[in-house]
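**Student:** This is the content of final-v7.txt (compact mmCIF, C-alpha atoms and all ligand atoms):
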# COMPACT_ATOMS: atom_id res chain seq x y z
CA MET I 1 110.84 83.93 85.46
CA ARG I 2 108.20 82.01 83.60
CA VAL I 3 105.66 84.52 82.26
CA ILE I 4 102.08 83.51 81.55
CA ILE I 5 99.77 86.14 80.09
CA GLU I 6 96.02 85.53 80.13
CA PRO I 7 93.32 87.70 78.57
CA ASP I 8 91.89 88.75 81.94
CA SER I 9 92.34 88.41 85.68
CA ALA I 10 89.69 85.69 85.97
CA ALA I 11 91.55 83.42 83.55
CA ALA I 12 94.90 84.19 85.20
CA SER I 13 93.44 83.46 88.65
CA ARG I 14 92.01 80.11 87.47
CA ARG I 15 95.45 79.25 86.15
CA ALA I 16 97.01 80.26 89.49
CA ALA I 17 94.49 78.06 91.33
CA CYS I 18 95.58 75.10 89.16
CA PHE I 19 99.14 75.48 90.47
CA VAL I 20 97.85 75.63 94.06
CA ALA I 21 95.55 72.62 93.58
CA GLU I 22 98.30 70.59 91.91
CA LEU I 23 100.55 71.16 94.94
CA VAL I 24 97.83 70.46 97.53
CA ARG I 25 96.94 67.18 95.79
CA LYS I 26 100.57 66.12 95.47
CA LYS I 27 101.59 67.21 98.97
CA PRO I 28 98.52 67.49 101.25
CA GLU I 29 100.61 68.82 104.16
CA CYS I 30 102.17 71.58 102.05
CA VAL I 31 102.94 75.10 103.26
CA LEU I 32 101.33 77.97 101.35
CA GLY I 33 102.47 81.58 101.59
CA MET I 34 99.43 83.83 101.40
CA ALA I 35 98.94 87.41 100.23
CA THR I 36 96.18 89.94 100.79
CA GLY I 37 94.86 92.88 98.76
CA SER I 38 92.59 92.87 95.72
CA THR I 39 94.94 90.78 93.55
CA PRO I 40 94.49 87.29 95.09
CA LEU I 41 90.72 87.58 95.64
CA LEU I 42 89.71 85.71 92.47
CA LEU I 43 92.33 83.07 93.16
CA TYR I 44 90.88 82.55 96.65
CA GLN I 45 87.37 82.30 95.17
CA GLU I 46 88.58 79.63 92.80
CA MET I 47 90.29 77.75 95.66
CA ILE I 48 86.96 77.84 97.55
CA ARG I 49 85.17 76.52 94.45
CA LEU I 50 87.70 73.71 94.08
CA HIS I 51 87.17 72.80 97.73
CA ARG I 52 83.37 72.81 97.46
CA GLU I 53 82.91 71.26 94.06
CA GLU I 54 85.97 69.06 93.67
CA GLY I 55 86.74 68.25 97.29
CA LEU I 56 90.16 69.91 97.34
CA ASP I 57 91.30 69.12 100.87
CA PHE I 58 93.07 71.80 102.91
CA SER I 59 92.85 69.99 106.24
CA HIS I 60 96.60 69.33 106.39
CA VAL I 61 97.75 72.54 104.68
CA LYS I 62 99.65 75.17 106.68
CA THR I 63 99.71 78.84 105.72
CA PHE I 64 101.91 81.83 106.46
CA ASN I 65 100.79 85.30 105.42
CA LEU I 66 103.23 87.87 104.15
CA ASP I 67 102.34 90.77 106.40
CA GLU I 68 100.02 92.56 108.81
CA TYR I 69 99.35 96.17 109.76
CA VAL I 70 100.74 97.26 113.11
CA GLY I 71 98.06 98.23 115.60
CA LEU I 72 95.17 96.25 114.06
CA GLY I 73 93.75 93.23 115.88
CA PRO I 74 92.02 90.28 114.17
CA ALA I 75 88.56 91.83 114.64
CA HIS I 76 89.48 95.00 112.75
CA PRO I 77 87.87 94.74 109.29
CA GLN I 78 91.03 96.05 107.61
CA SER I 79 93.41 93.68 109.40
CA TYR I 80 94.86 91.00 107.18
CA ARG I 81 93.78 88.34 109.68
CA PHE I 82 90.17 89.49 109.21
CA PHE I 83 90.65 89.57 105.41
CA MET I 84 92.00 86.02 105.31
CA ASN I 85 89.31 84.60 107.61
CA GLN I 86 86.61 86.33 105.57
CA ASN I 87 87.89 85.67 102.05
CA LEU I 88 89.38 82.21 102.40
CA PHE I 89 89.93 80.43 105.69
CA SER I 90 86.30 80.36 106.83
CA GLN I 91 85.24 78.92 103.48
CA ILE I 92 87.63 75.98 103.18
CA ASN I 93 88.41 73.12 105.55
CA ILE I 94 91.71 74.51 106.82
CA ASP I 95 92.53 74.08 110.52
CA PRO I 96 92.66 77.63 111.98
CA ASN I 97 95.66 76.52 114.07
CA HIS I 98 97.54 75.91 110.83
CA THR I 99 97.12 79.52 109.65
CA HIS I 100 99.79 82.03 110.60
CA ILE I 101 99.74 85.80 110.23
CA PRO I 102 102.06 88.23 112.02
CA ASP I 103 100.37 89.77 115.06
CA GLY I 104 99.89 93.50 114.51
CA ARG I 105 99.47 93.97 118.24
CA ALA I 106 102.73 92.30 119.26
CA LEU I 107 104.70 94.50 121.65
CA ASP I 108 108.11 92.89 121.34
CA PHE I 109 108.32 93.12 117.55
CA GLU I 110 111.82 91.81 117.27
CA ALA I 111 111.02 88.63 119.21
CA HIS I 112 107.72 88.21 117.34
CA CYS I 113 109.40 88.51 113.93
CA ARG I 114 112.17 86.10 114.93
CA LEU I 115 109.56 83.58 116.08
CA TYR I 116 107.61 83.98 112.82
CA GLU I 117 110.73 83.12 110.82
CA GLN I 118 111.37 80.16 113.11
CA LYS I 119 107.83 78.86 112.62
CA ILE I 120 108.28 78.98 108.83
CA LYS I 121 111.52 77.01 109.20
CA ASP I 122 109.93 74.49 111.59
CA ALA I 123 107.12 73.94 109.07
CA GLY I 124 109.75 72.99 106.48
CA GLY I 125 109.72 76.29 104.55
CA ILE I 126 107.12 77.71 102.20
CA ASP I 127 106.35 75.44 99.24
CA LEU I 128 104.39 77.99 97.24
CA GLN I 129 104.32 81.73 97.92
CA ILE I 130 101.49 83.78 96.42
CA LEU I 131 102.53 87.37 95.68
CA GLY I 132 100.88 90.54 94.43
CA VAL I 133 102.83 93.69 93.65
CA GLY I 134 102.35 97.31 94.66
CA SER I 135 102.24 100.06 92.06
CA ASP I 136 105.68 101.09 93.38
CA GLY I 137 107.02 97.57 92.77
CA HIS I 138 106.92 96.36 96.37
CA ILE I 139 106.22 92.77 97.39
CA ALA I 140 104.63 92.25 100.79
CA PHE I 141 105.40 95.56 102.54
CA ASN I 142 109.00 95.66 101.34
CA GLU I 143 108.92 99.26 100.18
CA PRO I 144 111.47 100.72 97.75
CA GLY I 145 114.88 100.80 99.42
CA SER I 146 114.30 97.64 101.47
CA SER I 147 117.34 95.44 101.80
CA LEU I 148 117.14 92.59 99.32
CA GLY I 149 118.42 90.31 102.10
CA SER I 150 115.82 91.48 104.63
CA ARG I 151 113.94 89.16 106.98
CA THR I 152 110.58 89.50 108.75
CA ARG I 153 110.58 92.87 110.49
CA LEU I 154 108.83 96.14 111.19
CA LYS I 155 108.52 98.40 108.15
CA THR I 156 107.32 101.97 107.57
CA LEU I 157 104.81 102.20 104.72
CA ALA I 158 105.64 104.44 101.75
CA SER I 159 103.33 107.35 100.95
CA GLU I 160 102.40 105.64 97.64
CA THR I 161 101.23 102.53 99.53
CA ILE I 162 99.29 104.62 102.03
CA ARG I 163 97.61 106.40 99.11
CA ASP I 164 96.84 103.09 97.33
CA ASN I 165 95.30 101.58 100.48
CA ALA I 166 93.42 104.68 101.70
CA ARG I 167 90.31 103.48 99.84
CA TYR I 168 89.96 100.58 102.27
CA PHE I 169 90.28 102.78 105.37
CA GLY I 170 88.22 105.79 104.28
CA GLY I 171 91.12 108.22 104.10
CA GLU I 172 94.93 108.36 104.10
CA ASP I 173 95.06 109.55 107.69
CA LYS I 174 93.40 106.32 108.87
CA VAL I 175 95.95 103.96 107.23
CA PRO I 176 98.46 102.51 109.73
CA ARG I 177 102.01 103.84 109.25
CA LEU I 178 103.77 100.60 110.13
CA ALA I 179 103.49 96.95 109.20
CA ILE I 180 105.18 93.66 110.05
CA THR I 181 106.33 92.04 106.84
CA MET I 182 108.28 89.05 105.66
CA GLY I 183 111.56 90.27 104.16
CA ILE I 184 112.79 89.84 100.62
CA GLY I 185 115.29 87.29 101.94
CA THR I 186 112.41 85.35 103.53
CA ILE I 187 110.41 85.36 100.28
CA LEU I 188 113.43 84.29 98.23
CA GLU I 189 113.72 81.14 100.36
CA SER I 190 110.28 79.88 99.32
CA HIS I 191 110.41 76.93 96.91
CA ARG I 192 108.14 78.44 94.28
CA CYS I 193 106.42 81.80 93.81
CA LEU I 194 103.22 82.69 92.01
CA PHE I 195 103.59 86.36 91.15
CA LEU I 196 100.22 87.89 90.18
CA ALA I 197 99.48 91.32 88.73
CA PHE I 198 96.32 92.60 87.09
CA GLY I 199 95.26 95.90 85.59
CA PRO I 200 96.92 98.79 83.78
CA HIS I 201 98.11 100.40 87.04
CA LYS I 202 100.47 97.43 87.52
CA ALA I 203 102.05 97.57 84.04
CA THR I 204 105.12 99.61 85.05
CA ALA I 205 105.75 97.48 88.15
CA VAL I 206 105.46 94.30 86.05
CA ARG I 207 107.86 95.59 83.39
CA ASP I 208 110.40 96.70 86.01
CA THR I 209 110.08 93.43 87.92
CA VAL I 210 110.40 91.08 84.95
CA GLU I 211 112.62 92.96 82.51
CA GLY I 212 114.27 95.71 84.55
CA PRO I 213 117.51 95.59 86.51
CA ILE I 214 117.52 94.02 89.97
CA THR I 215 117.24 96.93 92.35
CA ALA I 216 116.10 97.64 95.89
CA GLN I 217 114.08 100.49 94.36
CA VAL I 218 111.75 97.85 92.87
CA THR I 219 111.86 95.14 95.50
CA ALA I 220 109.86 92.70 93.34
CA SER I 221 112.81 92.69 90.90
CA ALA I 222 114.66 90.55 93.47
CA LEU I 223 112.41 87.71 92.24
CA GLN I 224 114.80 87.46 89.27
CA LEU I 225 117.14 85.75 91.76
CA HIS I 226 114.49 83.26 92.90
CA ARG I 227 114.80 79.65 91.75
CA GLU I 228 111.25 79.35 90.41
CA VAL I 229 108.81 82.18 89.85
CA ILE I 230 105.69 81.92 87.72
CA GLY I 231 104.39 85.36 86.72
CA LEU I 232 100.67 85.36 85.91
CA PHE I 233 99.43 88.59 84.38
CA ASP I 234 96.41 89.86 82.53
CA GLU I 235 96.86 91.68 79.22
CA ALA I 236 96.67 95.10 80.84
CA ALA I 237 99.42 94.42 83.38
CA ALA I 238 101.64 92.74 80.75
CA ARG I 239 101.27 95.50 78.19
CA LEU I 240 104.76 97.02 78.65
CA LEU I 241 106.69 93.73 78.48
CA VAL I 242 108.89 93.71 75.38
CA ARG I 243 109.71 89.97 75.25
CA ARG I 244 106.11 88.79 75.03
CA ASP I 245 106.74 86.72 71.88
CA TYR I 246 109.43 84.75 73.65
CA TYR I 247 107.22 84.15 76.72
CA ALA I 248 104.51 82.79 74.38
CA GLU I 249 107.05 80.45 72.71
CA VAL I 250 108.13 79.15 76.12
CA GLU I 251 104.51 78.36 76.96
CA ILE I 252 104.10 76.40 73.71
CA SER I 253 107.21 74.33 74.56
CA GLN I 254 105.99 73.85 78.12
CA SER I 255 102.63 72.63 76.93
CA LEU I 256 104.19 70.17 74.43
CA LEU I 257 106.46 68.86 77.19
CA GLU I 258 103.52 68.37 79.56
CA GLN I 259 101.62 66.49 76.83
CA GLY I 260 104.65 64.25 76.23
CA ARG I 261 104.94 65.46 72.62
CA HIS I 262 108.72 65.29 72.83
CA ARG I 263 109.43 64.67 69.13
CA GLU I 264 107.86 67.99 68.21
CA LEU I 265 110.45 69.63 70.46
CA GLY I 266 113.32 67.74 68.83
CA ILE I 267 113.86 65.56 71.93
CA GLY I 268 115.12 62.10 71.04
CA GLY I 269 115.79 63.08 67.40
CA VAL I 270 118.72 61.75 65.38
P1 LIG R 301 96.57 95.00 95.48
O1 LIG R 301 97.86 95.35 96.37
O2 LIG R 301 96.54 93.53 95.33
O3 LIG R 301 95.39 95.50 96.30
O4 LIG R 301 96.73 95.72 94.20
C1 LIG R 301 99.06 94.73 96.08
C2 LIG R 301 100.15 95.24 96.99
O5 LIG R 301 100.14 96.41 97.38
O6 LIG R 301 101.06 94.46 97.31
Could I get this file's structure written as structure tokens?
**Tutor:**
Amino acid sequence: MRVIIEPDSAAASRRAACFVAELVRKKPECVLGMATGSTPLLLYQEMIRLHREEGLDFSHVKTFNLDEYVGLGPAHPQSYRFFMNQNLFSQINIDPNHTHIPDGRALDFEAHCRLYEQKIKDAGGIDLQILGVGSDGHIAFNEPGSSLGSRTRLKTLASETIRDNARYFGGEDKVPRLAITMGIGTILESHRCLFLAFGPHKATAVRDTVEGPITAQVTASALQLHREVIGLFDEAAARLLVRRDYYAEVEISQSLLEQGRHRELGIGGV
């Protein structure tokens, strides 16, 4: 995993938006995997700014969200469909028909999940998946113990997640118990992941994900098997990483490569 540590979440989110914008400019009909929660909010604000001020064009972009609460329709203010419409889709020029989110009111969940996977395949797969992480190390709603080969399915939320999300619902008893979520196997098939984590409450999850063993107890650790993950953290979330010096050296090399300063890296030397 490439690890980029920025002083704060605003800087990290701007950096994340650069990766999104680079892809959208290079491949206007790209497929983005979207996340909800507090983590991607600044990234979405920056994407909106890029659209408004720099004309970043989302008209051909397709999106697939990671998950949705079971039982909540699109008009429910805590549904992820509502969140996405409010915080991103209504503020950029994306075609609403190109945006996909599991339907929390589906009755035949198995068929719905199968179809969701099929739609991702038909779209050519996810080019760039945006990910946050739960304080228990989950990605999407793949709670600890989820199969690392799992696909889109129904999932029971862990008590830690219900506690974390109670603030949005006005109490733990109001948080849905079930969600539809892409599986770890689904996420691992994306071409590139942007893994974001901000704040001191994410420090343990970040350490376990990046430097811990791969385990279903920290489902984000499965990202170590992914072909290309870029971790973007603020100082607080990165505070427990022990190989920070190395990650900084990698970024120096990366920057020299991007600037074409090959000789300084010993490329083409005698
Ligand atoms: P957060 O949630 O972005 O609101 O911290 C992340 C998650 O639970 O996956």
**Student:** Just the residues within 6 Å of Gly137 of chain I, please, counting all atoms listed in the file, with nothing from its chain fewer than 6 positions along; format it as an NGL selection string.
**Tutor:** :I and (205 or 218 or 220)
**Student:** Can you tell me which residues sit at most 12 Å away from ligand LIG 301 (chain R), counting only C-alpha atoms and all ligand atoms, written as a PyMOL selection string?
**Tutor:** chain I and resi 9+34-43+66-68+80+83+130-143+157-168+181+195-203+205-206+219-220+237
**Student:** Considering all atoms listed in the file, can you say which of I:Arg105, I:Arg227, I:Arg81, I:Arg239 comes closest to Leu194 of chain I?
**Tutor:**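 Among I:Arg105, I:Arg227, I:Arg81, I:Arg239, it is I:Arg227 that comes nearest to Leu194 of chain I.
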**Student:** Using only C-alpha atoms, pick whichever of I:Gly260, I:Gly269, I:Gly145, I:Gly33 has the shortest atom-to-atom distance to Ile126 of chain I.
**Tutor:** I:Gly33
**Student:** Could you list as a count of residues only every residue that has an atom within 12 Å of (90.9, 80.6, 93.3), using the file's coordinates and counting only C-alpha atoms?
**Tutor:** 33
**Student:** Skip Ile4 of chain I itself and residues of its chain fewer than 2 positions away, then list as number ranges by chain all residues within 7 Å of it, counting only C-alpha atoms.
**Tutor:** I: 2, 6, 231-233
**Student:** Write out as number ranges by chain each polymer residue whose atoms come within 7 Å of Gly185 of chain I, counting only C-alpha atoms; drop sequence neighbours fewer than 6 positions from it.
**Tutor:** I: 148-151
**Student:** Could you dump the residues just selected with C-alpha atoms as a PDB file, in the coordinates of the input?
**Tutor:**
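The resulting file, selection.pdb, is reproduced below:
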ATOM      1  CA  LEU I 148     117.140  92.590  99.320  1.00  0.00           C
ATOM      2  CA  GLY I 149     118.420  90.310 102.100  1.00  0.00           C
ATOM      3  CA  SER I 150     115.820  91.480 104.630  1.00  0.00           C
ATOM      4  CA  ARG I 151     113.940  89.160 106.980  1.00  0.00           C
TER       5      ARG I 151
END
